[in-house]
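Following: one structure in structure tokens, then a few remarks.
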Amino acid sequence: MNHRLRAVIFDVDGTLADTERDGHRVAFNEAFAAAGLSYRWDVAEYGDLLTTTGGRRRIERYLRSRQHSADEAAALATKLHKDKTRRFATRIRTGALDARPGTDQLISDLRAEKVATAVATTGTKDWVLPLLDTLFGLDVFDVVVTGSDVTELKPDPAVYYETLARLGLSAGEAIAIEDSANGVQAAQAAGLRCVAVVNGYTRDQDLSGAVAVLDDMARPGGVGVLRGDPQLRNGLTVAALRRLLVA
Ligand code: XBP
Ligand code: MG
């Protein structure tokens with residue numbers, strides 16, 4: 001097996017940017033209000049709903065729990081999710097979201113060392129591309145695969161299989177960076193090693209499939225190493241990722 005690091009595959013939501021609490025959640029609530037519905041997802045409830053990946057599926061599951069029929073929930077979820085996606089994309093273009101600390105530096109260091117950079121997300125293409133473009137510039141990524149490009153969402157490995165196929169690499173040549181249990185499971189099921197970089201919603205999830213768990217990619221004074229080599233407190237560098245691929 002080839003153990004040389006040839007690509008790093010980034011998740012988006014919660015990993016490249018802290019999008020959920022003050023981004024997606026707000027856009028979902030705006031879509032409910034615009035449709036004349038009284039549903040509102042508060043910060044805690046949204047954390048529970050995140051166990052369902054995919055915004056359309058998340059709405060559908062919620063509507064079913066609020067006694068909508070299966071047909072009604074499916075149709076309404078499609079309509080609400082379309083509106084939510086449009087609202088979130090607009091919000092992104094106003095510069096409302098920031099990249100997580102250390103992401104920019106890591107991406108440019110990887111490129112300087114000729115390690116490919118890719119994105120594998122369950123998010124919808126219509127907001128993912130504007131987000132990546134606004135925060136990093138789309139041309140810094142060699143491959144971008146979104147939830148719109150696959151039929152099964154994380155924890156299913158489909159998005160990772162597709163990303164590896166487009167990179168032309170095998171799982172042993174790349175490493176994934178994720179923030180959540182669903183994401184780690186998806187990467188692991190595709191045969192990839194995965195580092196978890198948690199946020200407020202995912203810190204207490206079961207991330208046992210990850211090779212290391214950090215609380216940030218970079219921070220002045222060092223990041224918190226929740227599991228893994230204490231040396232990782234210096235942050236997620238190219239050298240650290242190379243070590244994690246073979247450790
Ligand atoms: C992210 C998701 C997405 C976002 C919302 O999971 O599950 O559904 O929450 O985006 P991951 P959409 O970080 O594991 O990829 O509304 O476009 O689905
Ligand atoms: Mg994520």
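Residue numbers start at 1 in each chain; chains themselves are named A, B, ... in the order of the structure tokens; ligands are numbered from 1 in the order shown.
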Close residues, segment 181-198 of chain A itself excluded, 6 Å, only C-alpha atoms, min 4 positions apart in chain, as a PDB file with N, CA and C atoms, in the first residue's frame:
```
ATOM      1  N   LYS A 154     -23.840  11.264   3.973  1.00  0.00           N
ATOM      2  CA  LYS A 154     -23.136  10.762   5.153  1.00  0.00           C
ATOM      3  C   LYS A 154     -24.160  10.385   6.220  1.00  0.00           C
ATOM      4  N   PRO A 155     -23.970   9.322   6.975  1.00  0.00           N
ATOM      5  CA  PRO A 155     -22.743   8.537   7.156  1.00  0.00           C
ATOM      6  C   PRO A 155     -22.417   7.554   6.034  1.00  0.00           C
ATOM      7  N   ASP A 156     -23.233   7.519   4.982  1.00  0.00           N
ATOM      8  CA  ASP A 156     -22.888   6.666   3.842  1.00  0.00           C
ATOM      9  C   ASP A 156     -21.576   7.191   3.224  1.00  0.00           C
ATOM     10  N   PRO A 157     -20.697   6.301   2.765  1.00  0.00           N
ATOM     11  CA  PRO A 157     -19.400   6.763   2.233  1.00  0.00           C
ATOM     12  C   PRO A 157     -19.436   7.287   0.801  1.00  0.00           C
ATOM     13  N   ALA A 171      -7.855   5.117  -1.025  1.00  0.00           N
ATOM     14  CA  ALA A 171      -8.100   5.664   0.323  1.00  0.00           C
ATOM     15  C   ALA A 171      -6.805   5.800   1.137  1.00  0.00           C
ATOM     16  N   ILE A 175      -6.242  11.672   3.501  1.00  0.00           N
ATOM     17  CA  ILE A 175      -6.764  11.737   4.868  1.00  0.00           C
ATOM     18  C   ILE A 175      -7.942  12.709   4.867  1.00  0.00           C
ATOM     19  N   ALA A 176      -8.958  12.411   5.678  1.00  0.00           N
ATOM     20  CA  ALA A 176     -10.141  13.271   5.740  1.00  0.00           C
ATOM     21  C   ALA A 176     -10.125  14.085   7.024  1.00  0.00           C
ATOM     22  N   ILE A 177     -10.705  15.278   6.965  1.00  0.00           N
ATOM     23  CA  ILE A 177     -10.883  16.097   8.167  1.00  0.00           C
ATOM     24  C   ILE A 177     -12.373  16.366   8.319  1.00  0.00           C
ATOM     25  N   THR A 202     -20.543  19.055  18.209  1.00  0.00           N
ATOM     26  CA  THR A 202     -20.049  17.692  17.974  1.00  0.00           C
ATOM     27  C   THR A 202     -19.066  17.176  19.029  1.00  0.00           C
ATOM     28  N   ARG A 203     -18.656  18.059  19.934  1.00  0.00           N
ATOM     29  CA  ARG A 203     -17.634  17.724  20.943  1.00  0.00           C
ATOM     30  C   ARG A 203     -17.934  16.429  21.703  1.00  0.00           C
ATOM     31  N   GLN A 205     -19.915  13.916  20.691  1.00  0.00           N
ATOM     32  CA  GLN A 205     -20.346  12.795  19.853  1.00  0.00           C
ATOM     33  C   GLN A 205     -19.323  11.650  19.904  1.00  0.00           C
ATOM     34  N   ASP A 206     -19.746  10.481  19.409  1.00  0.00           N
ATOM     35  CA  ASP A 206     -18.844   9.323  19.357  1.00  0.00           C
ATOM     36  C   ASP A 206     -17.917   9.467  18.143  1.00  0.00           C
ATOM     37  N   LEU A 207     -16.705   9.889  18.419  1.00  0.00           N
ATOM     38  CA  LEU A 207     -15.730  10.103  17.340  1.00  0.00           C
ATOM     39  C   LEU A 207     -14.630   9.047  17.422  1.00  0.00           C
ATOM     40  N   ALA A 210     -12.106   8.222  14.643  1.00  0.00           N
ATOM     41  CA  ALA A 210     -11.104   9.183  14.181  1.00  0.00           C
ATOM     42  C   ALA A 210      -9.724   8.823  14.725  1.00  0.00           C
ATOM     43  N   VAL A 211      -8.662   9.123  13.966  1.00  0.00           N
ATOM     44  CA  VAL A 211      -7.302   8.825  14.429  1.00  0.00           C
ATOM     45  C   VAL A 211      -6.836   9.840  15.474  1.00  0.00           C
ATOM     46  N   ALA A 212      -7.472  11.008  15.492  1.00  0.00           N
ATOM     47  CA  ALA A 212      -7.169  12.029  16.507  1.00  0.00           C
ATOM     48  C   ALA A 212      -8.352  12.982  16.581  1.00  0.00           C
ATOM     49  N   VAL A 213      -8.524  13.609  17.744  1.00  0.00           N
ATOM     50  CA  VAL A 213      -9.620  14.566  17.917  1.00  0.00           C
ATOM     51  C   VAL A 213      -9.050  15.854  18.505  1.00  0.00           C
ATOM     52  N   LEU A 214      -9.245  16.959  17.778  1.00  0.00           N
ATOM     53  CA  LEU A 214      -8.750  18.271  18.207  1.00  0.00           C
ATOM     54  C   LEU A 214      -9.931  19.219  18.382  1.00  0.00           C
ATOM     55  N   ASP A 215      -9.715  20.323  19.112  1.00  0.00           N
ATOM     56  CA  ASP A 215     -10.818  21.271  19.243  1.00  0.00           C
ATOM     57  C   ASP A 215     -10.696  22.460  18.285  1.00  0.00           C
ATOM     58  N   ASP A 216      -9.630  22.488  17.513  1.00  0.00           N
ATOM     59  CA  ASP A 216      -9.432  23.497  16.468  1.00  0.00           C
ATOM     60  C   ASP A 216      -8.278  23.036  15.607  1.00  0.00           C
TER      61      ASP A 216
END
```
Contacts with ligand 2 at most 7 Å, only C-alpha atoms and all ligand atoms counted, listed as a VMD selection string = chain A and resid 11 to 15 178 to 180 183
Take the residues from that selection and put them in a file with N, CA, C and O atoms, as a tab-separated table (two decimals), in the first residue's frame.
```tsv
chain	number	residue	atom	x	y	z
A	11	ASP	N	-14.31	18.16	5.01
A	11	ASP	CA	-15.75	18.38	5.17
A	11	ASP	C	-15.97	19.90	5.20
A	11	ASP	O	-15.02	20.66	5.44
A	12	VAL	N	-17.19	20.35	4.98
A	12	VAL	CA	-17.46	21.80	5.00
A	12	VAL	C	-18.14	22.21	6.31
A	12	VAL	O	-17.56	22.91	7.14
A	13	ASP	N	-19.39	21.74	6.50
A	13	ASP	CA	-20.16	22.19	7.66
A	13	ASP	C	-19.50	21.79	8.96
A	13	ASP	O	-19.32	20.60	9.24
A	14	GLY	N	-19.13	22.77	9.75
A	14	GLY	CA	-18.52	22.50	11.04
A	14	GLY	C	-17.02	22.32	10.97
A	14	GLY	O	-16.35	22.36	12.00
A	15	THR	N	-16.47	22.11	9.77
A	15	THR	CA	-15.03	21.84	9.63
A	15	THR	C	-14.31	23.03	8.99
A	15	THR	O	-13.46	23.65	9.62
A	178	GLU	N	-12.91	15.96	9.45
A	178	GLU	CA	-14.35	16.02	9.71
A	178	GLU	C	-14.60	16.63	11.08
A	178	GLU	O	-13.68	16.75	11.89
A	179	ASP	N	-15.86	16.97	11.36
A	179	ASP	CA	-16.18	17.51	12.69
A	179	ASP	C	-17.17	16.65	13.45
A	179	ASP	O	-17.38	16.88	14.64
A	180	SER	N	-17.82	15.69	12.77
A	180	SER	CA	-18.97	15.02	13.41
A	180	SER	C	-18.89	13.50	13.31
A	180	SER	O	-18.13	12.96	12.51
A	183	GLY	N	-19.82	12.27	9.85
A	183	GLY	CA	-18.73	12.51	8.91
A	183	GLY	C	-17.59	11.52	9.09
A	183	GLY	O	-17.07	10.97	8.12
```
Select, from A:Ile59, A:Val159, A:Val119, A:Ile107, the residue with the minimum atom-to-atom distance to Thr78 of chain A, counting only C-alpha atoms.
-> A:Ile59
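Put simply, atom CA of Thr117 of chain A is 5.2 Å away from atom CA of Val8 of chain A.
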DSSP on the backbone: what in segment 52-143 of chain A comes out alpha helix (DSSP H), as a PyMOL selection string?
-> chain A and resi 55-65+70-93+103-112+125-135
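Distance check against Gly168 of chain A using only C-alpha atoms: of A:Asp126, A:Asp142, A:Asp149, A:Glu60, the minimum falls on A:Asp142.
The shortest atom-to-atom distance to Asp104 of chain A, with only C-alpha atoms taken into account, belongs to A:Met217 out of A:Leu131, A:Ala174, A:Ala35, A:Met217.
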Looking only at strand (DSSP E or B) from DSSP on the backbone, list the matching residues of segment 5-240 of chain A as a VMD selection string.
-> chain A and resid 7 to 10 13 17 99 116 to 120 143 to 145 174 to 178 193 to 197 212 to 214 225 to 227
With 12 Å as the cut-off and only C-alpha atoms counted, what is the closest atom pair between each nearby residue of segment 2-65 of chain A and segment 236-243 of chain A? Distances in Å to one decimal, ordered by chain and number, as a tab-separated table.
```
residue	atom	partner	partner_atom	distance
A:His3	CA	A:Arg242	CA	8.8
A:Arg4	CA	A:Arg242	CA	7.5
A:Leu5	CA	A:Arg242	CA	5.9
A:Arg6	CA	A:Arg242	CA	9.4
A:Ala7	CA	A:Leu241	CA	10.1
A:Val8	CA	A:Leu241	CA	8.5
A:Ile9	CA	A:Leu241	CA	11.3
```
May I have the selected residues written with C-alpha atoms, as a PDB file, in the first residue's frame?
```pdb
ATOM      1  CA  HIS A   3       1.430   5.601   2.349  1.00  0.00           C
ATOM      2  CA  ARG A   4       2.350   8.912   0.807  1.00  0.00           C
ATOM      3  CA  LEU A   5      -0.055  11.745   1.537  1.00  0.00           C
ATOM      4  CA  ARG A   6      -1.423  12.837  -1.824  1.00  0.00           C
ATOM      5  CA  ALA A   7      -4.675  14.548  -0.813  1.00  0.00           C
ATOM      6  CA  VAL A   8      -6.528  16.010   2.120  1.00  0.00           C
ATOM      7  CA  ILE A   9     -10.318  15.859   1.927  1.00  0.00           C
TER       8      ILE A   9
END
```
